[in-house]
Amino acid sequence: MTQSYDFGLGPTPAARHINPNGEPGGWIALTATVHRSATIHRAALVFGRARISARALILANSKIYDHAYISIAAYVGEECVVRDNAFLGQAAHIEAGVNLSGRARIGANSHISGPLSIGGAVEVSPNTHL
């Protein structure tokens with residue numbers, strides 16, 4: 001059911017994601033794309049033209065927006081922000097308080113602990129642990 005939600009720039013057409021277990025998840029703007037097998041915590045937000053792939057997990061109070069891309073089976077911990085054109089690779093993990101922005105790219109199977117901000121055109125190689 002389409003409603004509206006204020007993501008910070010006024011009311012936007014949105015709906016709650018239905019998680020794979022059937023429970024309601026976070027607010028998703030109709031302009032964003034979230035795979036049906038992704039799990040989005042009830043207190044997480046996805047808006048703009050963000051894309052969330054299959055089996056991704058987005059935890060509480062995280063925001064994914066602009067043209068951010070979350071790959072297959074990626075994990076976004078609590079209170080993270082992924083925005084602009086940031087990219088989180090397949091099965092990569094970012095922990096609580098990580099902020100990805102600009103054209104930051106986190107390689108597959110990497111693990112980034114927060115709090116930490118990564119922005120600009122920084123590229124983190126696959127299998128990196130920070």
# chains A, B, ... in the order shown; residues from 1 in each chain; ligands from 1
>>> residues_around(residues="A:His67", least_positions_apart="5", cutoff="7 Å", atoms="only C-alpha atoms", output="short mmCIF file (atom, residue, chain, number, x, y, z; two decimals) with N, CA, C and O atoms, in the first residue's frame")
data_model
loop_
_atom_site.label_atom_id
_atom_site.label_comp_id
_atom_site.auth_asym_id
_atom_site.auth_seq_id
_atom_site.Cartn_x
_atom_site.Cartn_y
_atom_site.Cartn_z
N GLY A 48 15.53 8.06 -2.50
CA GLY A 48 16.23 8.51 -3.69
C GLY A 48 16.17 7.40 -4.73
O GLY A 48 15.15 6.74 -4.88
N ARG A 49 17.26 7.17 -5.41
CA ARG A 49 17.33 6.10 -6.42
C ARG A 49 18.22 4.95 -5.93
O ARG A 49 18.81 4.23 -6.73
N ALA A 50 18.29 4.79 -4.63
CA ALA A 50 19.11 3.73 -4.04
C ALA A 50 18.62 2.35 -4.49
O ALA A 50 17.43 2.16 -4.78
N ARG A 83 25.34 6.79 0.83
CA ARG A 83 24.68 7.81 0.02
C ARG A 83 25.51 8.16 -1.22
O ARG A 83 26.56 7.57 -1.44
N ASP A 84 25.03 9.15 -1.94
CA ASP A 84 25.65 9.59 -3.18
C ASP A 84 25.71 8.40 -4.15
O ASP A 84 24.71 7.76 -4.37
N ASN A 85 26.88 8.10 -4.66
CA ASN A 85 27.07 6.96 -5.57
C ASN A 85 27.91 5.87 -4.92
O ASN A 85 28.58 5.10 -5.60
#
>>> select_by_dssp(residues="stretch 2-120 of chain A", states="strand (DSSP E or B)", output="PyMOL selection string")
chain A and resi 3-6+11-18+24-29+33-34+39-40+45-46+51-52+57-58+63-64+69-70+75-76+81-82+87-88+93-94+98-100+105-106+111-112+116-118
>>> closest_residue(among="A:Ile58, A:Ala96, A:Leu88, A:Ala104", to="A:His41", atoms="only C-alpha atoms")
A:Ile58
>>> residues_around(residues="stretch 15-31 of chain A", least_positions_apart="3", cutoff="8 Å", atoms="only C-alpha atoms", output="ChimeraX atom specification")
/A:1-5,12,34,36-50
>>> closest_residue(among="A:Lys63, A:His111, A:Arg105, A:Arg51", to="A:Tyr75", atoms="only C-alpha atoms")
A:His111
>>> atom_distance(atom1="atom CA of A:Gly10", atom2="atom CA of A:Tyr65")
14.9 Å
>>> closest_residue(among="A:Glu123, A:Ala86, A:Thr128, A:Asp66", to="A:Ser110", atoms="only C-alpha atoms")
A:Thr128
>>> atom_distance(atom1="atom CA of A:Ile118", atom2="atom CA of A:Pro11")
29.3 Å
>>> residues_around(residues="A:Gly77", least_positions_apart="3", cutoff="8 Å", atoms="only C-alpha atoms", output="PyMOL selection string")
chain A and resi 58-60+62+80+93-97
>>> write_last_selection(atoms="all heavy atoms", output="JSON list (two decimals), in the first residue's frame")
[["chain", "number", "residue", "atom", "x", "y", "z"],
["A", 58, "ILE", "N", 19.84, -4.70, 6.12],
["A", 58, "ILE", "CA", 20.01, -3.31, 6.54],
["A", 58, "ILE", "C", 19.44, -3.18, 7.95],
["A", 58, "ILE", "O", 18.24, -3.43, 8.16],
["A", 58, "ILE", "CB", 19.26, -2.33, 5.58],
["A", 58, "ILE", "CG1", 19.54, -2.65, 4.10],
["A", 58, "ILE", "CG2", 19.58, -0.89, 5.95],
["A", 58, "ILE", "CD1", 20.97, -2.55, 3.68],
["A", 59, "LEU", "N", 20.27, -2.80, 8.91],
["A", 59, "LEU", "CA", 19.84, -2.74, 10.30],
["A", 59, "LEU", "C", 19.28, -1.37, 10.70],
["A", 59, "LEU", "O", 19.26, -0.43, 9.91],
["A", 59, "LEU", "CB", 20.99, -3.15, 11.22],
["A", 59, "LEU", "CG", 21.48, -4.60, 11.06],
["A", 59, "LEU", "CD1", 22.50, -4.94, 12.15],
["A", 59, "LEU", "CD2", 20.33, -5.59, 11.09],
["A", 60, "ALA", "N", 18.87, -1.27, 11.96],
["A", 60, "ALA", "CA", 18.14, -0.12, 12.50],
["A", 60, "ALA", "C", 18.88, 1.20, 12.33],
["A", 60, "ALA", "O", 20.10, 1.28, 12.46],
["A", 60, "ALA", "CB", 17.84, -0.35, 13.98],
["A", 62, "SER", "N", 19.65, 2.98, 9.91],
["A", 62, "SER", "CA", 20.54, 3.20, 8.77],
["A", 62, "SER", "C", 19.76, 3.87, 7.66],
["A", 62, "SER", "O", 18.54, 3.69, 7.54],
["A", 62, "SER", "CB", 21.13, 1.88, 8.29],
["A", 62, "SER", "OG", 22.09, 1.44, 9.22],
["A", 80, "CYS", "N", 24.25, 3.36, 10.11],
["A", 80, "CYS", "CA", 25.16, 3.60, 8.98],
["A", 80, "CYS", "C", 24.45, 4.49, 7.97],
["A", 80, "CYS", "O", 23.22, 4.54, 7.92],
["A", 80, "CYS", "CB", 25.54, 2.30, 8.30],
["A", 80, "CYS", "SG", 26.63, 1.25, 9.29],
["A", 93, "HIS", "N", 30.58, -6.15, 4.63],
["A", 93, "HIS", "CA", 29.94, -5.75, 5.88],
["A", 93, "HIS", "C", 30.44, -4.38, 6.29],
["A", 93, "HIS", "O", 31.65, -4.14, 6.31],
["A", 93, "HIS", "CB", 30.31, -6.72, 7.02],
["A", 93, "HIS", "CG", 29.64, -8.03, 6.94],
["A", 93, "HIS", "ND1", 29.08, -8.64, 8.03],
["A", 93, "HIS", "CD2", 29.41, -8.87, 5.91],
["A", 93, "HIS", "CE1", 28.56, -9.80, 7.68],
["A", 93, "HIS", "NE2", 28.76, -9.96, 6.38],
["A", 94, "ILE", "N", 29.51, -3.49, 6.63],
["A", 94, "ILE", "CA", 29.90, -2.26, 7.32],
["A", 94, "ILE", "C", 29.19, -2.28, 8.67],
["A", 94, "ILE", "O", 28.01, -2.60, 8.76],
["A", 94, "ILE", "CB", 29.61, -0.98, 6.51],
["A", 94, "ILE", "CG1", 28.14, -0.84, 6.13],
["A", 94, "ILE", "CG2", 30.51, -0.92, 5.28],
["A", 94, "ILE", "CD1", 27.81, 0.50, 5.47],
["A", 95, "GLU", "N", 29.94, -1.97, 9.69],
["A", 95, "GLU", "CA", 29.42, -2.03, 11.06],
["A", 95, "GLU", "C", 28.90, -0.68, 11.51],
["A", 95, "GLU", "O", 29.04, 0.33, 10.82],
["A", 95, "GLU", "CB", 30.52, -2.53, 12.00],
["A", 95, "GLU", "CG", 31.00, -3.93, 11.70],
["A", 95, "GLU", "CD", 29.98, -5.02, 11.96],
["A", 95, "GLU", "OE1", 29.05, -4.80, 12.76],
["A", 95, "GLU", "OE2", 30.11, -6.10, 11.36],
["A", 96, "ALA", "N", 28.35, -0.63, 12.70],
["A", 96, "ALA", "CA", 27.69, 0.55, 13.26],
["A", 96, "ALA", "C", 28.51, 1.82, 13.08],
["A", 96, "ALA", "O", 29.70, 1.86, 13.37],
["A", 96, "ALA", "CB", 27.40, 0.33, 14.74],
["A", 97, "GLY", "N", 27.86, 2.85, 12.56],
["A", 97, "GLY", "CA", 28.45, 4.16, 12.46],
["A", 97, "GLY", "C", 29.30, 4.42, 11.23],
["A", 97, "GLY", "O", 29.92, 5.47, 11.13]]
>>> decode(residues="stretch 19-102 of chain A", atoms="C-alpha atoms", output="compact mmCIF listing (two decimals), in the first residue's frame")
# COMPACT_ATOMS: atom_id res chain seq x y z
CA ASN A 19 10.70 -8.61 4.82
CA PRO A 20 11.12 -12.26 3.77
CA ASN A 21 9.67 -13.40 7.12
CA GLY A 22 6.48 -11.43 6.37
CA GLU A 23 7.11 -8.70 8.94
CA PRO A 24 7.00 -5.01 7.97
CA GLY A 25 10.37 -3.43 7.36
CA GLY A 26 11.58 0.12 6.88
CA TRP A 27 10.22 2.88 4.66
CA ILE A 28 11.17 2.63 1.00
CA ALA A 29 10.62 5.53 -1.41
CA LEU A 30 8.88 4.41 -4.60
CA THR A 31 11.89 5.76 -6.53
CA ALA A 32 14.23 3.27 -4.79
CA THR A 33 14.58 -0.44 -5.63
CA VAL A 34 14.74 -3.14 -2.96
CA HIS A 35 14.88 -6.85 -3.79
CA ARG A 36 12.12 -8.86 -2.15
CA SER A 37 14.66 -11.15 -0.41
CA ALA A 38 16.40 -8.20 1.29
CA THR A 39 15.72 -7.58 4.99
CA ILE A 40 15.24 -3.94 5.95
CA HIS A 41 14.87 -3.14 9.67
CA ARG A 42 11.68 -1.29 10.57
CA ALA A 43 13.73 1.77 11.61
CA ALA A 44 15.84 1.91 8.41
CA LEU A 45 15.17 4.18 5.42
CA VAL A 46 15.84 3.68 1.70
CA PHE A 47 15.13 6.57 -0.64
CA GLY A 48 16.23 8.51 -3.69
CA ARG A 49 17.33 6.10 -6.42
CA ALA A 50 19.11 3.73 -4.04
CA ARG A 51 19.23 0.02 -4.92
CA ILE A 52 19.32 -2.89 -2.49
CA SER A 53 20.14 -6.34 -3.91
CA ALA A 54 19.05 -9.85 -2.96
CA ARG A 55 19.66 -11.11 0.59
CA ALA A 56 21.09 -7.76 1.76
CA LEU A 57 20.52 -6.93 5.42
CA ILE A 58 20.01 -3.31 6.54
CA LEU A 59 19.84 -2.74 10.30
CA ALA A 60 18.14 -0.12 12.50
CA ASN A 61 18.55 3.62 11.98
CA SER A 62 20.54 3.20 8.77
CA LYS A 63 19.87 5.34 5.70
CA ILE A 64 20.56 4.29 2.13
CA TYR A 65 19.90 7.02 -0.41
CA ASP A 66 20.76 9.02 -3.53
CA HIS A 67 22.22 6.50 -6.04
CA ALA A 68 23.82 4.21 -3.45
CA TYR A 69 24.07 0.53 -4.33
CA ILE A 70 24.07 -2.36 -1.84
CA SER A 71 25.15 -5.65 -3.45
CA ILE A 72 24.00 -9.23 -2.92
CA ALA A 73 24.22 -10.47 0.67
CA ALA A 74 25.84 -7.23 1.90
CA TYR A 75 25.36 -6.19 5.53
CA VAL A 76 24.76 -2.63 6.74
CA GLY A 77 24.99 -2.30 10.53
CA GLU A 78 23.05 0.05 12.78
CA GLU A 79 23.25 3.82 12.26
CA CYS A 80 25.16 3.60 8.98
CA VAL A 81 24.72 5.97 6.05
CA VAL A 82 25.34 4.96 2.44
CA ARG A 83 24.68 7.81 0.02
CA ASP A 84 25.65 9.59 -3.18
CA ASN A 85 27.07 6.96 -5.57
CA ALA A 86 28.66 4.79 -2.89
CA PHE A 87 28.86 1.05 -3.60
CA LEU A 88 28.95 -1.81 -1.09
CA GLY A 89 30.24 -5.02 -2.70
CA GLN A 90 28.87 -8.53 -2.52
CA ALA A 91 28.86 -9.97 1.02
CA ALA A 92 30.69 -6.88 2.31
CA HIS A 93 29.94 -5.75 5.88
CA ILE A 94 29.90 -2.26 7.32
CA GLU A 95 29.42 -2.03 11.06
CA ALA A 96 27.69 0.55 13.26
CA GLY A 97 28.45 4.16 12.46
CA VAL A 98 30.10 3.74 9.04
CA ASN A 99 29.33 6.53 6.57
CA LEU A 100 29.96 5.89 2.85
CA SER A 101 29.61 8.80 0.45
CA GLY A 102 30.79 10.20 -2.87
